[in-house]
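Shown next: run_29.csv, given as CSV, C-alpha atoms.
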chain,number,residue,atom,x,y,z
A,926,MET,CA,53.3,-3.0,56.8
A,927,SER,CA,51.4,-6.1,56.1
A,928,ARG,CA,48.5,-6.0,53.7
A,929,SER,CA,46.0,-7.1,56.3
A,930,LEU,CA,47.0,-4.3,58.6
A,931,LEU,CA,46.5,-1.8,55.8
A,932,ARG,CA,43.1,-3.3,55.2
A,933,THR,CA,42.1,-2.8,58.8
A,934,LEU,CA,43.4,0.8,58.6
A,935,PHE,CA,41.1,1.4,55.7
A,936,GLU,CA,38.2,-0.1,57.5
A,937,LEU,CA,38.7,2.5,60.3
A,938,ARG,CA,37.8,5.3,58.0
A,939,ALA,CA,34.7,7.3,58.8
A,940,PRO,CA,31.7,5.4,57.4
A,941,SER,CA,30.2,8.5,55.8
A,942,THR,CA,32.4,9.3,52.8
A,943,PRO,CA,32.7,13.1,52.2
A,944,ARG,CA,30.1,14.0,49.8
A,945,PRO,CA,30.1,17.1,47.6
A,946,ALA,CA,27.4,19.5,48.7
A,947,ALA,CA,24.5,19.1,46.4
A,948,GLN,CA,22.4,22.2,46.0
A,949,PHE,CA,19.2,20.3,46.0
A,950,LYS,CA,18.0,16.8,46.7
A,951,LEU,CA,14.9,15.4,45.1
A,952,PRO,CA,12.3,14.1,47.4
A,953,VAL,CA,12.7,10.6,48.5
A,954,ARG,CA,10.0,9.1,46.4
A,955,SER,CA,9.6,11.4,43.4
A,956,LEU,CA,11.1,9.5,40.5
A,957,SER,CA,10.8,6.0,39.5
A,958,THR,CA,13.0,4.2,37.1
A,959,THR,CA,10.7,1.3,36.4
A,960,PRO,CA,8.7,2.2,33.5
A,961,LEU,CA,5.3,1.0,32.6
A,962,ARG,CA,5.1,-1.6,29.9
A,963,ARG,CA,2.0,-0.6,28.2
A,964,ASP,CA,2.5,-3.3,25.5
A,965,SER,CA,2.3,-6.2,27.9
A,966,PRO,CA,-0.7,-6.2,30.2
A,967,THR,CA,0.6,-9.2,32.1
A,968,VAL,CA,3.0,-7.0,34.0
A,969,SER,CA,0.4,-5.4,36.1
A,970,GLU,CA,-0.3,-7.9,38.8
A,971,SER,CA,-2.6,-6.0,41.1
A,972,PRO,CA,-5.5,-3.6,40.6
A,973,THR,CA,-3.5,-0.8,42.2
A,974,ILE,CA,-0.8,-1.0,39.5
A,975,SER,CA,-3.3,-1.1,36.7
A,976,ALA,CA,-5.0,1.9,38.2
A,977,GLN,CA,-1.6,3.6,38.1
A,978,SER,CA,-1.2,2.7,34.5
A,979,ALA,CA,-4.5,4.2,33.6
A,980,THR,CA,-3.3,7.6,34.8
A,981,ALA,CA,0.2,7.0,33.5
A,982,PRO,CA,0.2,8.8,30.1
A,983,SER,CA,-0.7,12.1,31.6
A,984,ALA,CA,2.4,11.9,33.8
A,985,ILE,CA,4.8,11.4,31.0
A,986,PRO,CA,5.9,14.7,29.4
A,987,THR,CA,5.3,14.5,25.7
A,988,ASN,CA,8.4,16.4,24.6
A,989,PRO,CA,11.8,16.5,26.1
A,990,THR,CA,11.5,20.2,26.8
A,991,GLU,CA,9.0,19.6,29.5
A,992,ALA,CA,11.4,17.3,31.2
A,993,ALA,CA,13.9,20.2,31.2
A,994,SER,CA,11.6,22.0,33.6
A,995,LEU,CA,12.7,19.5,36.2
A,996,VAL,CA,16.3,20.8,35.9
A,997,ALA,CA,15.2,24.4,36.0
A,998,GLU,CA,13.3,23.7,39.2
A,999,SER,CA,16.1,21.9,40.8
A,1000,ARG,CA,18.3,24.9,40.4
A,1001,SER,CA,15.9,27.4,41.8
A,1002,PRO,CA,16.6,28.6,45.3
A,1003,THR,CA,13.3,27.4,46.7
A,1004,PRO,CA,13.1,23.8,45.6
A,1005,GLN,CA,9.7,22.2,45.1
A,1006,ALA,CA,8.8,18.7,44.3
A,1007,PRO,CA,9.4,18.4,40.6
A,1008,GLU,CA,7.0,16.4,38.4
A,1009,ALA,CA,8.0,12.8,38.0
A,1010,LEU,CA,9.5,12.0,34.6
A,1011,TYR,CA,8.2,8.5,34.8
A,1012,PRO,CA,5.1,7.2,36.8
A,1013,ARG,CA,5.8,5.4,40.0
A,1014,ILE,CA,4.9,1.8,40.3
A,1015,PRO,CA,4.5,0.7,43.9
A,1016,GLN,CA,6.8,-2.0,45.0
A,1017,GLN,CA,5.3,-5.4,45.8
A,1018,VAL,CA,7.0,-6.4,49.0
A,1019,ASN,CA,6.8,-9.9,50.2
A,1020,GLN,CA,6.2,-10.1,53.9
A,1021,PRO,CA,9.6,-10.9,55.4
A,1022,THR,CA,9.9,-13.8,57.8
A,1023,SER,CA,10.8,-13.1,61.4
A,1024,ALA,CA,14.2,-14.7,60.9
A,1025,SER,CA,15.1,-12.5,58.0
A,1026,GLN,CA,13.8,-9.4,59.9
A,1027,ALA,CA,16.1,-10.3,62.8
A,1028,THR,CA,19.0,-10.8,60.4
A,1029,ILE,CA,18.3,-7.4,58.8
A,1030,ALA,CA,18.1,-5.7,62.2
A,1031,GLN,CA,21.3,-7.3,63.3
A,1032,LEU,CA,23.5,-7.2,60.2
A,1033,LEU,CA,22.3,-4.1,58.3
A,1034,PRO,CA,24.0,-1.7,60.7
A,1035,LEU,CA,27.2,-3.6,60.1
A,1036,LEU,CA,26.8,-3.3,56.4
A,1037,ARG,CA,26.2,0.4,56.7
A,1038,THR,CA,29.4,1.0,58.7
A,1039,GLN,CA,31.6,-0.5,56.0
A,1040,PRO,CA,32.5,2.5,53.9
A,1041,ALA,CA,32.0,1.6,50.3
A,1042,HIS,CA,28.8,0.2,49.1
A,1043,TYR,CA,27.6,-1.4,45.9
A,1044,LEU,CA,24.2,-2.3,44.7
A,1045,THR,CA,22.6,-4.0,41.7
A,1046,VAL,CA,20.1,-1.6,40.4
A,1047,HIS,CA,17.6,-2.6,37.8
A,1048,ILE,CA,16.7,-0.2,35.1
A,1049,TRP,CA,14.0,-1.3,32.8
A,1050,GLY,CA,14.5,-4.9,33.7
A,1051,ARG,CA,18.2,-5.1,33.4
A,1052,PRO,CA,20.6,-5.4,36.3
A,1053,TYR,CA,23.7,-3.1,36.7
A,1054,LEU,CA,26.2,-3.6,39.5
A,1055,VAL,CA,27.2,-0.1,40.4
A,1056,THR,CA,29.0,2.0,43.1
A,1057,ALA,CA,28.8,5.7,43.6
A,1058,GLY,CA,30.5,7.5,40.7
A,1059,ASP,CA,30.0,4.8,38.1
A,1060,GLN,CA,28.9,5.5,34.6
A,1061,ILE,CA,26.2,3.4,33.0
A,1062,ARG,CA,25.6,3.2,29.3
A,1063,LEU,CA,22.1,2.0,28.9
A,1064,PRO,CA,21.4,-0.2,25.9
A,1065,PHE,CA,18.7,2.2,24.6
A,1066,LYS,CA,17.9,5.9,24.4
A,1067,MET,CA,15.7,6.8,27.3
A,1068,PRO,CA,12.8,9.0,26.1
A,1069,CYS,CA,11.8,12.3,27.7
A,1070,VAL,CA,15.0,13.0,29.4
A,1071,VAL,CA,17.6,15.8,28.9
A,1072,PRO,CA,21.2,16.0,30.2
A,1073,GLY,CA,21.2,17.1,33.8
A,1074,ASP,CA,18.0,15.3,34.8
A,1075,VAL,CA,18.3,13.3,38.0
A,1076,LEU,CA,16.6,9.9,38.3
A,1077,ARG,CA,16.0,8.1,41.6
A,1078,LEU,CA,16.7,4.5,41.1
A,1079,ASP,CA,14.4,2.5,43.4
A,1080,ARG,CA,14.8,-1.1,42.3
A,1081,ALA,CA,17.8,-3.0,43.5
A,1082,SER,CA,18.3,-6.7,43.9
A,1083,THR,CA,21.4,-6.5,46.0
A,1084,LEU,CA,22.9,-4.1,48.5
A,1085,GLY,CA,26.4,-4.8,49.7
A,1086,SER,CA,29.7,-3.8,51.2
A,1087,ARG,CA,32.9,-5.9,51.1
A,1088,ASP,CA,31.8,-8.4,53.7
A,1089,PHE,CA,28.1,-8.2,53.8
A,1090,THR,CA,25.4,-8.6,51.1
A,1091,LEU,CA,21.7,-8.1,51.4
A,1092,LYS,CA,19.8,-9.9,48.7
A,1093,GLY,CA,16.2,-9.1,47.8
A,1094,SER,CA,13.6,-11.5,46.6
A,1095,PRO,CA,13.5,-10.4,43.9
A,1096,TYR,CA,14.1,-6.8,45.0
A,1097,VAL,CA,15.4,-5.2,48.2
A,1098,ASP,CA,12.8,-3.0,50.0
A,1099,GLU,CA,13.1,0.4,48.4
A,1100,ARG,CA,13.1,2.2,51.8
A,1101,LEU,CA,16.4,0.6,52.7
A,1102,PHE,CA,18.5,2.6,50.2
A,1103,GLU,CA,18.7,5.8,48.2
A,1104,CYS,CA,20.3,5.8,44.8
A,1105,ARG,CA,20.4,8.7,42.4
A,1106,ALA,CA,21.7,9.0,38.8
A,1107,THR,CA,22.3,12.0,36.6
A,1108,ILE,CA,21.7,11.9,32.9
A,1109,LEU,CA,25.0,12.8,31.2
A,1110,GLY,CA,23.8,12.7,27.6
A,1111,THR,CA,23.4,10.4,24.6
A,1112,GLU,CA,26.1,8.6,22.9
A,1113,THR,CA,26.2,6.6,19.7
A,1114,GLU,CA,28.4,3.9,18.2
A,1115,PRO,CA,30.2,3.6,14.9
A,1116,MET,CA,27.9,2.7,12.0
A,1117,ARG,CA,27.5,-1.1,11.8
A,1118,ILE,CA,27.3,-2.6,8.4
A,1119,LYS,CA,26.0,-6.1,8.0
A,1120,ILE,CA,26.4,-7.6,4.6
A,1121,LYS,CA,23.6,-10.0,3.7
A,1122,THR,CA,24.2,-12.4,0.9
A,1123,LYS,CA,21.8,-14.7,-0.9
A,1124,ARG,CA,22.8,-17.6,-3.0
A,1125,ARG,CA,23.1,-17.2,-6.8
A,1126,GLN,CA,22.4,-13.5,-6.5
A,1127,ARG,CA,24.9,-11.1,-7.7
A,1128,ARG,CA,24.0,-8.4,-5.2
A,1129,ASN,CA,24.9,-8.1,-1.6
A,1130,LYS,CA,22.7,-6.1,0.7
A,1131,HIS,CA,24.4,-3.8,3.1
A,1132,VAL,CA,22.3,-3.2,6.2
A,1133,ARG,CA,23.3,-0.2,8.2
A,1134,SER,CA,22.4,0.4,11.8
A,1135,LYS,CA,23.5,3.0,14.4
A,1136,HIS,CA,22.1,3.0,17.9
A,1137,HIS,CA,21.8,5.7,20.5
A,1138,PHE,CA,22.5,5.1,24.2
A,1139,THR,CA,21.7,7.2,27.3
A,1140,ILE,CA,24.6,7.7,29.7
A,1141,LEU,CA,24.0,7.9,33.4
A,1142,ARG,CA,26.3,8.7,36.3
A,1143,ILE,CA,25.5,7.3,39.7
A,1144,SER,CA,25.7,10.4,41.8
A,1145,GLU,CA,24.6,9.1,45.2
A,1146,VAL,CA,24.4,5.8,47.0
A,1147,LYS,CA,23.1,5.8,50.5
A,1148,ILE,CA,22.0,2.9,52.7
A,1149,ASN,CA,19.4,3.5,55.4
A,1150,GLY,CA,19.3,1.7,58.7
A,1151,PRO,CA,16.8,-0.9,59.7
A,1152,GLU,CA,14.7,1.9,61.2
A,1153,ALA,CA,13.6,2.7,57.7
A,1154,VAL,CA,11.5,-0.4,57.6
A,1155,GLY,CA,10.5,-0.2,61.2
A,1156,LEU,CA,12.8,-2.8,62.7
B,1273,MET,CA,65.2,17.8,51.1
B,1274,THR,CA,63.2,16.1,48.5
B,1275,ILE,CA,60.2,17.6,46.8
B,1276,ARG,CA,57.1,15.5,47.3
B,1277,ALA,CA,54.1,15.9,45.0
B,1278,LEU,CA,50.7,16.3,46.6
B,1279,GLU,CA,48.7,13.1,46.2
B,1280,ARG,CA,45.6,13.4,44.2
B,1281,VAL,CA,42.7,12.7,46.6
B,1282,SER,CA,39.8,12.5,44.1
B,1283,VAL,CA,39.0,12.7,40.5
B,1284,GLY,CA,36.4,15.1,39.1
B,1285,GLN,CA,33.6,13.3,37.4
B,1286,ASN,CA,30.7,15.1,35.7
B,1287,GLY,CA,27.4,14.6,37.3
B,1288,ILE,CA,28.6,14.1,40.9
B,1289,GLY,CA,27.8,17.2,42.9
B,1290,SER,CA,27.3,19.4,39.8
B,1291,PHE,CA,26.6,18.7,36.2
B,1292,ILE,CA,28.2,20.5,33.3
B,1293,LEU,CA,26.8,20.2,29.8
B,1294,GLN,CA,29.6,19.1,27.4
B,1295,CYS,CA,28.3,21.1,24.4
B,1296,LYS,CA,29.4,24.7,24.9
B,1297,ARG,CA,28.7,26.3,21.5
B,1298,LEU,CA,26.6,25.6,18.5
B,1299,ASP,CA,27.5,27.2,15.2
B,1300,ILE,CA,24.6,27.5,12.7
B,1301,HIS,CA,25.4,28.4,9.1
B,1302,TYR,CA,22.8,29.1,6.4
B,1303,CYS,CA,22.6,30.5,2.9
B,1304,ASP,CA,19.9,33.0,1.8
B,1305,HIS,CA,19.7,31.8,-1.8
B,1306,SER,CA,20.3,28.2,-2.3
B,1307,GLY,CA,17.4,25.7,-2.0
B,1308,SER,CA,19.2,23.3,0.3
B,1309,SER,CA,19.0,25.9,3.0
B,1310,ARG,CA,15.2,26.3,2.8
B,1311,GLY,CA,14.6,24.0,5.8
B,1312,MET,CA,17.4,25.6,7.8
B,1313,ASN,CA,16.1,29.1,7.2
B,1314,ALA,CA,12.7,27.9,8.5
B,1315,PHE,CA,14.3,26.3,11.5
B,1316,ILE,CA,16.1,29.5,12.4
B,1317,LYS,CA,12.8,31.4,12.2
B,1318,THR,CA,10.5,28.9,14.0
B,1319,HIS,CA,12.4,26.5,16.2
B,1320,LEU,CA,15.7,28.1,17.1
B,1321,PRO,CA,14.5,30.9,19.5
B,1322,ASN,CA,12.7,28.4,21.6
B,1323,PHE,CA,15.5,25.9,21.5
B,1324,ALA,CA,18.1,28.5,22.5
B,1325,LYS,CA,15.9,29.6,25.4
B,1326,LYS,CA,15.6,26.1,26.7
B,1327,ASN,CA,19.4,25.6,26.6
B,1328,PRO,CA,21.0,28.6,28.4
B,1329,ALA,CA,24.2,26.6,28.8
B,1330,VAL,CA,24.9,26.6,25.1
B,1331,GLU,CA,26.1,29.5,23.1
B,1332,PHE,CA,24.3,29.8,19.7
B,1333,ALA,CA,26.1,31.5,16.8
B,1334,VAL,CA,24.1,32.0,13.6
B,1335,SER,CA,26.1,33.2,10.6
B,1336,PRO,CA,25.5,33.2,6.8
B,1337,ARG,CA,27.7,31.1,4.6
B,1338,PRO,CA,26.7,31.9,1.0
B,1339,ARG,CA,26.8,29.4,-1.8
B,1340,LYS,CA,27.3,26.5,0.5
B,1341,HIS,CA,25.1,23.8,2.2
B,1342,PRO,CA,23.8,24.6,5.7
B,1343,VAL,CA,25.9,23.2,8.5
B,1344,MET,CA,25.6,22.9,12.3
B,1345,ILE,CA,28.8,22.6,14.2
B,1346,GLY,CA,28.9,21.7,17.9
B,1347,HIS,CA,31.9,22.7,20.0
B,1348,TYR,CA,32.6,20.7,23.1
B,1349,ILE,CA,34.5,21.2,26.4
B,1350,ASN,CA,37.1,18.6,25.5
B,1351,GLY,CA,38.1,20.7,22.5
B,1352,ARG,CA,36.5,18.5,19.8
B,1353,GLN,CA,33.9,19.5,17.2
B,1354,LYS,CA,31.1,17.7,15.6
B,1355,ALA,CA,29.6,18.9,12.4
B,1356,ILE,CA,26.4,17.9,10.7
B,1357,CYS,CA,25.4,18.9,7.2
B,1358,VAL,CA,21.7,19.6,7.2
B,1359,ALA,CA,21.1,20.2,3.5
B,1360,ASN,CA,17.6,19.6,2.3
B,1361,MET,CA,16.2,18.7,5.7
B,1362,GLU,CA,12.9,19.5,7.3
B,1363,PRO,CA,13.0,22.0,10.2
B,1364,SER,CA,11.8,19.3,12.6
B,1365,LEU,CA,14.6,17.0,11.5
B,1366,ILE,CA,17.1,19.8,12.0
B,1367,LEU,CA,15.8,20.2,15.5
B,1368,LYS,CA,16.5,16.6,16.2
B,1369,LYS,CA,20.1,17.0,14.9
B,1370,ALA,CA,20.5,20.1,17.1
B,1371,GLU,CA,19.4,18.0,20.1
B,1372,LEU,CA,21.8,15.3,19.1
B,1373,LEU,CA,24.7,17.8,19.1
B,1374,ARG,CA,23.6,19.1,22.5
B,1375,ASP,CA,23.4,15.7,24.1
B,1376,ALA,CA,26.7,14.4,22.7
B,1377,SER,CA,29.7,14.3,24.9
B,1378,GLY,CA,32.1,15.4,22.1
B,1379,ASP,CA,34.2,12.2,22.5
B,1380,LYS,CA,35.1,10.1,19.5
B,1381,VAL,CA,32.3,7.7,18.8
B,1382,LYS,CA,33.4,4.2,19.7
B,1383,ARG,CA,32.0,0.8,20.4
B,1384,VAL,CA,31.5,0.0,24.1
B,1385,ASN,CA,30.5,-3.5,25.2
B,1386,LYS,CA,30.5,-3.1,28.9
B,1387,PRO,CA,27.5,-1.2,30.4
B,1388,VAL,CA,29.2,0.0,33.5
B,1389,THR,CA,32.4,2.0,33.6
B,1390,SER,CA,34.0,2.5,37.0
B,1391,ILE,CA,37.1,4.1,38.5
B,1392,ASN,CA,36.4,2.7,41.9
B,1393,GLU,CA,38.3,-0.2,43.3
B,1394,SER,CA,36.4,-3.4,43.1
B,1395,GLU,CA,38.8,-5.9,44.4
B,1396,THR,CA,36.3,-8.5,45.6
B,1397,TRP,CA,33.0,-7.3,44.4
B,1398,GLY,CA,30.6,-8.7,42.0
B,1399,LYS,CA,30.4,-11.9,40.0
B,1400,ASP,CA,34.2,-12.5,39.9
B,1401,ALA,CA,34.3,-12.6,43.7
B,1402,ILE,CA,35.8,-16.0,43.8
B,1403,SER,CA,38.4,-15.5,41.2
B,1404,ASN,CA,39.5,-12.2,42.8
B,1405,VAL,CA,39.7,-13.8,46.1
B,1406,GLN,CA,42.0,-16.5,44.7
B,1407,SER,CA,44.2,-13.8,43.3
B,1408,VAL,CA,44.4,-12.0,46.6
B,1409,LEU,CA,45.3,-15.2,48.4
B,1410,ALA,CA,48.0,-15.9,45.8
B,1411,LEU,CA,49.5,-12.5,46.4
B,1412,ASP,CA,49.5,-13.0,50.1
B,1413,THR,CA,51.1,-16.4,50.3
B,1414,ASN,CA,54.4,-14.8,51.5
B,1415,GLU,CA,52.8,-12.9,54.3
B,1416,ASP,CA,51.3,-14.6,57.2
B,1417,SER,CA,47.8,-13.2,57.0
B,1418,PRO,CA,45.1,-15.8,57.5
B,1419,GLU,CA,42.6,-13.0,58.3
B,1420,TYR,CA,41.8,-12.8,54.7
B,1421,ILE,CA,40.2,-16.2,54.7
B,1422,VAL,CA,38.1,-15.3,57.7
B,1423,LEU,CA,37.0,-12.0,56.3
B,1424,LEU,CA,36.0,-13.4,53.0
B,1425,LEU,CA,34.2,-16.5,54.1
B,1426,PRO,CA,30.7,-15.0,54.3
B,1427,TRP,CA,30.9,-14.2,50.7
B,1428,TRP,CA,31.7,-17.7,49.5
B,1429,ASN,CA,28.8,-19.1,51.5
B,1430,ASP,CA,26.1,-16.8,50.4

For this file, produce the structure as structure tokens.
Amino acid sequence: MSRSLLRTLFELRAPSTPRPAAQFKLPVRSLSTTPLRRDSPTVSESPTISAQSATAPSAIPTNPTEAASLVAESRSPTPQAPEALYPRIPQQVNQPTSASQATIAQLLPLLRTQPAHYLTVHIWGRPYLVTAGDQIRLPFKMPCVVPGDVLRLDRASTLGSRDFTLKGSPYVDERLFECRATILGTETEPMRIKIKTKRRQRRNKHVRSKHHFTILRISEVKINGPEAVGL
Amino acid sequence: MTIRALERVSVGQNGIGSFILQCKRLDIHYCDHSGSSRGMNAFIKTHLPNFAKKNPAVEFAVSPRPRKHPVMIGHYINGRQKAICVANMEPSLILKKAELLRDASGDKVKRVNKPVTSINESETWGKDAISNVQSVLALDTNEDSPEYIVLLLPWWND
């Protein structure tokens, strides 16, 4: 059988891949992955965001054990909206032009019907190109999370399938997709030893460092239709 | 009649569908007499009950080990162990070490340079789209399949 025929056979698969039954789904807009940068006030462009940042510290649990309550809630038989681990920052959406609206209304259903999707999610300013089931090793240790917590990733610059790509400027409208990630734990690296030398000195300085990294697993990737943005 | 093996349809990955904590047991050893266990003894009295209550997935085993430094040993699902000597440490620092053992995966610590690890096929995705496309075309030179070019054109143009 020729390779192209095989390809077309794969394309005929049902668009919705079989998904393991999750006991509980977080509400659509409960968690935000974009943290507040309290050290740089230039980030907050609008008064709404700065008002959000004023109330932010109360929303951040001070110790990791409070974050664990989220897990406990998610396993309870009557799920309730858990408290957000990180405060939400409303997305600044540029008003799309009528041409781009028409393109989205026409091509997004085609993108949805192709079975496997990828997206470029942004976590704390860094892009990660992921598909469902991928593992991300963040370059830092995320505070206030414990293994088993579920994050909803709501910033993505690209959504795509094999033939179609939706690019955001800079981000795709967050209503167009749902992406969730589970915290797997924290990993480390082997101790790095940097030897610092100075001229005409008999001693070498050994600088040691060992960093910690949070590991995420992309548990869900779902792309909504153009109805989600009212097209 | 030949025997055919069942093809594996999917691979289990932690965190998809359900999540399992990798640390299954935490052994805590202390000594009643030696001074290096002073912080550990305080940790067992003050922090440990709360910590154990917060982590029902982990089995905590506390046992004395006279005339030796206090040690915490984490046992993981993959069969490996991770031991930390907590001699002369403050109780709060010992709590941090216990959290470290709980969050660890149990795998050998190694240097990873790529942020994303995937087992999904990604023939033509991402930044290497064009190089991948070239390789696919090279593979298919023997077959008469110009559809590839048609299929992949939108990607080059975007």

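You will find CA of Pro1068 (chain A) at 9.2 Å from CA of Thr1139 (chain A).
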
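By all atoms listed in the file, and with residues fewer than 6 positions from Ala1376 (chain B) along its chain excluded, the set lying at most 7 Å from it is Gly1110, Thr1111 and Glu1112 of chain A.
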
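With only C-alpha atoms as the atoms that count, the minimum distance from chain B to the choices A:Cys1104, A:Leu1109, A:Leu1091, A:Val1154 is reached by A:Leu1109.
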
*What residues in chain B lie within 6 Å of chain A, counting only C-alpha atoms, written as a ChimeraX atom specification?*
/B:1287-1289,1375-1376,1381-1383,1387-1390

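The spacing separating CA of Gly1378 (chain B) from CA of Gln1294 (chain B) amounts to 6.9 Å.
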
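Using only C-alpha atoms, the nearest neighbour of Leu1372 (chain B) within the list A:Phe1102, A:Trp1049, A:Tyr1096, A:Phe1138 is A:Phe1138.
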
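One distance worth recording is that between CA of His1347 (chain B) and CA of Ile1292 (chain B), which is 14.0 Å.
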
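Comparing the minimum interatomic distances between Lys1340 (chain B) and each of B:Cys1303, B:Met1361, B:Val1283, B:Met1312, counting all atoms listed in the file, we find that B:Cys1303 sits nearest.
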